[in-house]
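Just final-v1.csv here, CSV, C-alpha atoms:
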chain,number,residue,atom,x,y,z
A,1,MET,CA,0.0,0.0,0.0
A,2,GLN,CA,2.8,2.4,0.8
A,3,VAL,CA,4.5,1.6,-2.5
A,4,LEU,CA,1.3,2.4,-4.3
A,5,ARG,CA,1.1,5.7,-2.5
A,6,TRP,CA,4.7,6.5,-3.5
A,7,PHE,CA,3.9,5.9,-7.2
A,8,VAL,CA,0.8,8.1,-6.9
A,9,VAL,CA,2.8,11.0,-5.4
A,10,VAL,CA,5.7,10.7,-7.9
A,11,GLY,CA,3.2,10.5,-10.8
A,12,SER,CA,1.5,13.6,-9.6
A,13,VAL,CA,4.7,15.5,-9.4
A,14,PHE,CA,5.6,14.6,-13.0
A,15,LEU,CA,2.1,15.6,-14.1
A,16,LEU,CA,2.5,19.0,-12.5
A,17,VAL,CA,5.8,19.8,-14.2
A,18,PRO,CA,4.4,20.3,-17.7
A,19,LEU,CA,1.4,22.2,-16.3
A,20,ALA,CA,3.7,24.7,-14.7
A,21,HIS,CA,5.5,25.2,-18.1
A,22,ALA,CA,2.2,25.5,-19.9
A,23,GLN,CA,1.0,28.5,-17.9
A,24,SER,CA,-0.7,31.3,-19.9
A,25,PHE,CA,-1.4,34.9,-19.1
A,26,THR,CA,-4.5,36.8,-20.0
A,27,PHE,CA,-5.0,40.6,-20.0
A,28,GLN,CA,-7.8,42.9,-20.9
A,29,VAL,CA,-6.1,45.5,-23.1
A,30,GLU,CA,-6.6,48.5,-25.3
A,31,HIS,CA,-5.1,48.3,-28.8
A,32,GLU,CA,-3.8,51.6,-30.0
A,33,HIS,CA,-4.8,53.0,-33.4
A,34,ALA,CA,-4.0,56.2,-35.1
A,35,LEU,CA,-7.6,57.4,-34.8
A,36,ARG,CA,-9.8,55.1,-32.7
A,37,ASN,CA,-8.5,52.5,-30.3
A,38,CYS,CA,-10.2,49.2,-29.8
A,39,ARG,CA,-10.4,46.8,-26.8
A,40,GLY,CA,-10.0,43.1,-26.4
A,41,THR,CA,-8.1,40.3,-24.7
A,42,LEU,CA,-4.4,39.6,-25.0
A,43,ILE,CA,-3.4,36.0,-24.4
A,44,ILE,CA,0.3,35.2,-23.9
A,45,ALA,CA,0.7,31.4,-24.1
A,46,PRO,CA,3.7,29.1,-24.5
A,47,GLU,CA,2.7,28.3,-28.1
A,48,ARG,CA,1.6,31.7,-29.3
A,49,ILE,CA,0.3,35.2,-28.6
A,50,GLU,CA,-3.3,36.0,-29.4
A,51,TYR,CA,-5.4,39.2,-29.5
A,52,GLN,CA,-9.1,38.5,-29.3
A,53,THR,CA,-11.5,41.4,-30.1
A,54,SER,CA,-14.9,42.1,-31.6
A,55,GLU,CA,-13.1,44.1,-34.2
A,56,LYS,CA,-12.5,41.2,-36.5
A,57,ARG,CA,-10.0,43.0,-38.8
A,58,ASP,CA,-7.8,43.5,-35.7
A,59,ALA,CA,-8.0,40.0,-34.3
A,60,ARG,CA,-4.7,38.1,-34.6
A,61,ILE,CA,-2.9,34.9,-33.7
A,62,TRP,CA,0.9,35.0,-33.8
A,63,GLU,CA,3.4,32.1,-33.4
A,64,TYR,CA,6.6,33.4,-31.9
A,65,VAL,CA,8.5,33.1,-35.2
A,66,GLU,CA,6.0,35.5,-36.7
A,67,ILE,CA,7.0,38.3,-34.3
A,68,ARG,CA,10.1,40.3,-35.2
A,69,GLN,CA,10.5,41.9,-31.8
A,70,ILE,CA,8.6,41.9,-28.5
A,71,THR,CA,9.0,45.1,-26.4
A,72,VAL,CA,7.7,45.3,-22.8
A,73,VAL,CA,7.7,49.1,-22.6
A,74,SER,CA,6.4,49.1,-19.0
A,75,PRO,CA,4.4,46.9,-16.7
A,76,VAL,CA,1.3,48.0,-18.5
A,77,GLU,CA,2.5,48.5,-22.1
A,78,MET,CA,3.6,46.0,-24.7
A,79,GLU,CA,4.5,46.3,-28.4
A,80,LEU,CA,4.6,43.5,-31.0
A,81,ALA,CA,6.6,44.3,-34.1
A,82,THR,CA,5.4,41.8,-36.7
A,83,TYR,CA,6.4,40.9,-40.3
A,84,GLU,CA,3.0,42.1,-41.5
A,85,ASP,CA,3.2,44.8,-44.2
A,86,GLN,CA,1.4,48.1,-43.9
A,87,LYS,CA,0.4,49.0,-47.4
A,88,ARG,CA,-0.4,52.6,-46.4
A,89,MET,CA,3.1,53.0,-44.9
A,90,ALA,CA,5.1,51.8,-48.0
A,91,GLY,CA,5.2,48.2,-46.7
A,92,ARG,CA,6.7,49.0,-43.3
A,93,ASP,CA,6.3,46.2,-40.7
A,94,ARG,CA,3.2,46.6,-38.6
A,95,ILE,CA,3.6,47.3,-34.9
A,96,PHE,CA,0.7,46.4,-32.5
A,97,LYS,CA,0.7,48.5,-29.4
A,98,PHE,CA,-1.3,47.3,-26.3
A,99,ARG,CA,-2.0,49.0,-23.0
A,100,LEU,CA,-3.2,46.8,-20.1
A,101,LEU,CA,-6.5,47.9,-18.6
A,102,GLU,CA,-6.0,45.6,-15.6
A,103,GLY,CA,-3.2,43.6,-14.2
A,104,ARG,CA,0.5,44.1,-14.8
A,105,ILE,CA,3.3,42.4,-16.8
A,106,THR,CA,5.3,40.5,-14.2
A,107,PRO,CA,8.8,38.9,-14.2
A,108,GLU,CA,7.0,35.6,-14.8
A,109,VAL,CA,5.5,36.9,-18.1
A,110,SER,CA,9.0,38.2,-19.2
A,111,ALA,CA,10.5,34.8,-18.3
A,112,LEU,CA,7.9,33.0,-20.6
A,113,LEU,CA,8.6,35.5,-23.4
A,114,LEU,CA,12.3,35.1,-23.0
A,115,GLU,CA,12.0,31.4,-23.3
A,116,LYS,CA,9.8,31.3,-26.3
A,117,THR,CA,10.8,34.3,-28.5
A,118,THR,CA,13.2,33.6,-31.3
A,119,HIS,CA,14.5,37.2,-31.3
A,120,PRO,CA,16.0,39.4,-28.5
A,121,LEU,CA,13.4,40.4,-25.9
A,122,VAL,CA,13.3,44.1,-25.1
A,123,THR,CA,11.9,44.3,-21.6
A,124,SER,CA,11.7,46.9,-18.8
A,125,VAL,CA,10.4,44.1,-16.5
A,126,PRO,CA,13.4,41.7,-16.2
A,127,PRO,CA,12.6,38.1,-15.3
A,128,GLN,CA,13.7,36.9,-11.9
A,129,CYS,CA,17.1,35.1,-12.0
A,130,GLU,CA,19.1,33.3,-9.5
A,131,GLY,CA,22.7,34.1,-8.6
A,132,GLU,CA,24.7,37.1,-7.5
A,133,PRO,CA,26.3,39.5,-10.1
A,134,GLN,CA,30.0,39.3,-10.7
A,135,PHE,CA,30.2,43.1,-11.0
A,136,ALA,CA,27.7,45.9,-10.0
A,137,ILE,CA,28.5,49.5,-11.0
A,138,PRO,CA,26.3,52.5,-10.3
A,139,VAL,CA,25.6,54.3,-13.6
A,140,LYS,CA,23.5,56.9,-15.4
A,141,HIS,CA,21.7,55.7,-18.5
A,142,LEU,CA,21.8,58.5,-21.1
A,143,HIS,CA,18.6,59.2,-23.0
A,144,THR,CA,18.2,61.6,-25.9
A,145,PHE,CA,17.4,64.2,-23.4
A,146,GLY,CA,18.6,63.7,-19.8
A,147,GLY,CA,18.8,60.2,-18.3
A,148,CYS,CA,18.1,58.0,-15.3
A,149,SER,CA,20.2,56.5,-12.6
A,150,GLY,CA,20.5,52.8,-11.7
A,151,THR,CA,22.9,49.9,-11.4
A,152,LEU,CA,24.6,48.0,-14.2
A,153,LYS,CA,25.0,44.3,-13.1
A,154,VAL,CA,27.1,41.8,-14.9
A,155,TYR,CA,26.2,38.1,-14.4
A,156,ALA,CA,27.6,34.9,-15.8
A,157,ASP,CA,24.8,34.6,-18.4
A,158,ARG,CA,23.3,38.1,-18.7
A,159,VAL,CA,23.8,41.9,-18.2
A,160,VAL,CA,21.1,43.8,-16.4
A,161,PHE,CA,20.4,47.5,-15.9
A,162,GLU,CA,18.2,48.0,-12.9
A,163,SER,CA,16.4,51.3,-12.5
A,164,GLN,CA,13.1,52.5,-11.1
A,165,THR,CA,11.9,53.7,-14.4
A,166,ASP,CA,14.0,52.2,-17.2
A,167,SER,CA,15.3,48.7,-16.5
A,168,ARG,CA,16.7,46.5,-19.2
A,169,PHE,CA,17.9,42.9,-19.6
A,170,TRP,CA,20.3,41.3,-22.1
A,171,ARG,CA,21.4,37.8,-22.6
A,172,TYR,CA,24.9,37.7,-24.0
A,173,SER,CA,23.5,36.3,-27.3
A,174,ASP,CA,21.4,39.5,-27.5
A,175,ILE,CA,24.5,41.8,-27.4
A,176,GLN,CA,26.0,42.6,-30.8
A,177,ASN,CA,28.9,44.6,-29.4
A,178,PHE,CA,30.0,46.7,-26.5
A,179,SER,CA,32.7,49.3,-25.9
A,180,GLN,CA,34.4,51.6,-23.4
A,181,SER,CA,35.5,54.5,-25.4
A,182,GLU,CA,36.1,56.6,-22.3
A,183,ARG,CA,37.2,55.8,-18.8
A,184,PHE,CA,33.8,56.5,-17.3
A,185,ARG,CA,31.6,55.5,-20.3
A,186,PHE,CA,30.2,52.1,-21.2
A,187,GLU,CA,28.1,51.3,-24.3
A,188,ILE,CA,26.1,48.2,-25.2
A,189,ILE,CA,24.9,47.7,-28.8
A,190,SER,CA,22.1,45.2,-28.8
A,191,TYR,CA,20.4,43.3,-31.7
A,192,GLU,CA,17.3,45.3,-30.8
A,193,ASN,CA,15.9,47.2,-33.7
A,194,GLY,CA,16.5,50.9,-33.2
A,195,VAL,CA,16.2,54.0,-35.5
A,196,GLY,CA,18.4,53.2,-38.5
A,197,GLY,CA,19.9,50.0,-37.1
A,198,PRO,CA,20.8,48.2,-33.9
A,199,LYS,CA,20.1,50.1,-30.7
A,200,ALA,CA,22.9,51.5,-28.5
A,201,TYR,CA,22.6,52.0,-24.8
A,202,ASN,CA,25.1,54.5,-23.3
A,203,PHE,CA,26.0,54.6,-19.7
A,204,GLN,CA,28.0,57.1,-17.6
A,205,LEU,CA,29.9,55.1,-15.0
A,206,ARG,CA,29.8,56.6,-11.5
A,207,GLU,CA,32.7,54.4,-10.5
A,208,GLU,CA,35.6,53.1,-12.5
A,209,LEU,CA,34.9,49.8,-14.3
A,210,PRO,CA,37.4,47.1,-13.2
A,211,ALA,CA,39.5,45.8,-16.1
A,212,THR,CA,38.4,42.3,-15.2
A,213,ALA,CA,34.8,43.2,-15.8
A,214,TYR,CA,35.5,44.3,-19.4
A,215,ASP,CA,37.3,41.1,-20.1
A,216,TYR,CA,34.6,39.1,-18.4
A,217,VAL,CA,31.9,40.5,-20.7
A,218,TRP,CA,34.2,40.3,-23.8
A,219,ALA,CA,34.7,36.5,-23.2
A,220,ARG,CA,31.0,35.9,-23.1
A,221,VAL,CA,29.9,38.2,-26.0
A,222,PHE,CA,32.7,36.8,-28.3
A,223,PRO,CA,33.4,33.2,-27.0
A,224,SER,CA,34.2,31.8,-30.4
A,225,LYS,CA,36.6,34.6,-31.1
A,226,LEU,CA,38.3,34.1,-27.7
A,227,ARG,CA,38.9,30.4,-28.5
A,228,SER,CA,40.2,31.3,-32.0
A,229,ASP,CA,42.7,33.8,-30.5
A,230,HIS,CA,43.8,31.2,-27.9
A,231,ARG,CA,44.6,28.7,-30.6
A,232,LEU,CA,46.6,31.2,-32.7
A,233,ALA,CA,48.3,32.9,-29.8
A,234,GLN,CA,51.8,32.0,-28.6
A,235,PRO,CA,52.2,30.4,-25.2
A,236,GLY,CA,51.7,32.9,-22.5
A,237,GLY,CA,49.5,35.1,-24.7
A,238,SER,CA,45.7,34.6,-24.5
A,239,GLN,CA,46.1,31.8,-21.9
A,240,THR,CA,46.3,34.5,-19.3
A,241,MET,CA,42.9,35.9,-20.4
A,242,LEU,CA,41.4,32.4,-20.5
A,243,SER,CA,42.4,31.7,-16.9
A,244,LYS,CA,40.9,35.1,-15.9
A,245,CYS,CA,37.8,34.9,-17.9
A,246,PRO,CA,36.4,31.3,-18.1
A,247,VAL,CA,34.1,30.9,-21.1
A,248,THR,CA,30.6,29.7,-20.5
A,249,GLU,CA,28.4,28.2,-23.3
A,250,ARG,CA,25.4,30.4,-24.3
Represent the structure of the file as structure tokens.
Amino acid sequence: MQVLRWFVVVGSVFLLVPLAHAQSFTFQVEHEHALRNCRGTLIIAPERIEYQTSEKRDARIWEYVEIRQITVVSPVEMELATYEDQKRMAGRDRIFKFRLLEGRITPEVSALLLEKTTHPLVTSVPPQCEGEPQFAIPVKHLHTFGGCSGTLKVYADRVVFESQTDSRFWRYSDIQNFSQSERFRFEIISYENGVGGPKAYNFQLREELPATAYDYVWARVFPSKLRSDHRLAQPGGSQTMLSKCPVTER
């Protein structure tokens, strides 16, 4: 009898695992138009994102491969840049903008989007991640006009900018390049679509960035290049960097 109960408990656990991964999120939203907005239901599911509305011409079902970029603008705003042409806009890709009428986009929603999207996720609501940062530097994120203060955190698998108003999250595979052109300046160029090309994030450093932090990020943004340099280098060359900046697979 006890053996039977054990199998029942274990079986229940295995049944619960896929259910947890299959969680969907439903929000009542307003869909922004140039003249007249409409309302409906936005469903974020593991298989797709769906917008249900009585305005049949606006109803959509997208698989994640059909979305060029997902942007969580704020806990109550989301944009979906699709591959759908806008004939009135010379064929420009159509962007669907939604504002939540109730509820908020949580780190759990961002985690689902991060797992399912085939493109970089642009989110001001970072998913909750375990582990302590290897480096944390107080910074000012420069905007077109002014900026905002926060902390730039470097982890083994990601870089995060934490701020009360303008947080951002990048996997290393989402970073196209980065640079430190000045002693107290740090720039991240992401694969996010910006105006005229990839978007750049510029930070003023309030403290000096340790040299090891730059090497740490470099080894993770360009792991294949690091391995190539190591193979071509003479003994005592790149081996020092490798021992200082272990490479982790992305």
**Q.** Å distance separating atom CA of Gln180 of chain A from atom CA of Pro138 of chain A, one decimal place
**A.**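 Computing the Euclidean distance for atom CA of Gln180 of chain A and atom CA of Pro138 of chain A yields 15.4 Å.
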Q) Could you name the residues that touch Ile70 of chain A at 9 Å or less, counting all atoms listed in the file, but leaving out those on the same chain fewer than 2 positions away, as a list in words? A)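 Near Ile70 of chain A, the qualifying residues are Ile67, Arg68, Val72, Met78, Glu79, Leu80, Ala81, Thr82, Leu113, Thr117, His119, Pro120, Leu121, Val122 and Thr123 of chain A.
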Q: Could you check how far atom CA of Gly103 of chain A sits from atom CA of Gln164 of chain A, in Å to one decimal?
A: 18.8 Å
Q: Select, from A:Gly147, A:Ile105, A:Arg99, A:Ala34, the residue with the minimum atom-to-atom distance to Thr165 of chain A, counting only C-alpha atoms.
A: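 So, comparing all the options, the nearest one is A:Gly147.
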Q. By how many Å are atom CA of His33 of chain A and atom CA of Asp93 of chain A apart?
A.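 Between atom CA of His33 of chain A and atom CA of Asp93 of chain A the gap is 14.9 Å.
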Give one line per residue of segment 147-183 of chain A that approaches segment 204-215 of chain A to at most 9 Å, naming the two atoms of the closest pair and their distance in Å to one decimal, counting all atoms listed in the file; sort by chain then ascending residue number and deliver it as JSON lines.
{"residue": "A:Leu152", "atom": "CA", "partner": "A:Leu205", "partner_atom": "CA", "distance": 8.9}
{"residue": "A:Val154", "atom": "CA", "partner": "A:Ala213", "partner_atom": "CA", "distance": 7.9}
{"residue": "A:Ser179", "atom": "CA", "partner": "A:Tyr214", "partner_atom": "CA", "distance": 8.7}
{"residue": "A:Gln180", "atom": "CA", "partner": "A:Tyr214", "partner_atom": "CA", "distance": 8.4}
{"residue": "A:Arg183", "atom": "CA", "partner": "A:Glu208", "partner_atom": "CA", "distance": 7.0}
Q: Would you mind listing what lies within 6 Å of Tyr172 of chain A as a PyMOL selection string, with only C-alpha atoms counted and same-chain residues fewer than 3 positions away left out?
A: chain A and resi 158+175+221
Q: Pick out the residues sitting within 7 Å of Tyr64 of chain A, and hand them over as a list in words; count all atoms listed in the file, and ignore anything fewer than 4 positions along from it in its own chain.
A: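 Surrounding residues, per the criterion: Arg48, Lys116, Thr117 and Thr118 of chain A.
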Q: Considering only C-alpha atoms, state which residue in the set A:Pro75, A:Gly40, A:Pro127, A:Pro198 is at the smallest distance from Asp166 of chain A.
A: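 Smallest separation from Asp166 of chain A among the options: A:Pro75.
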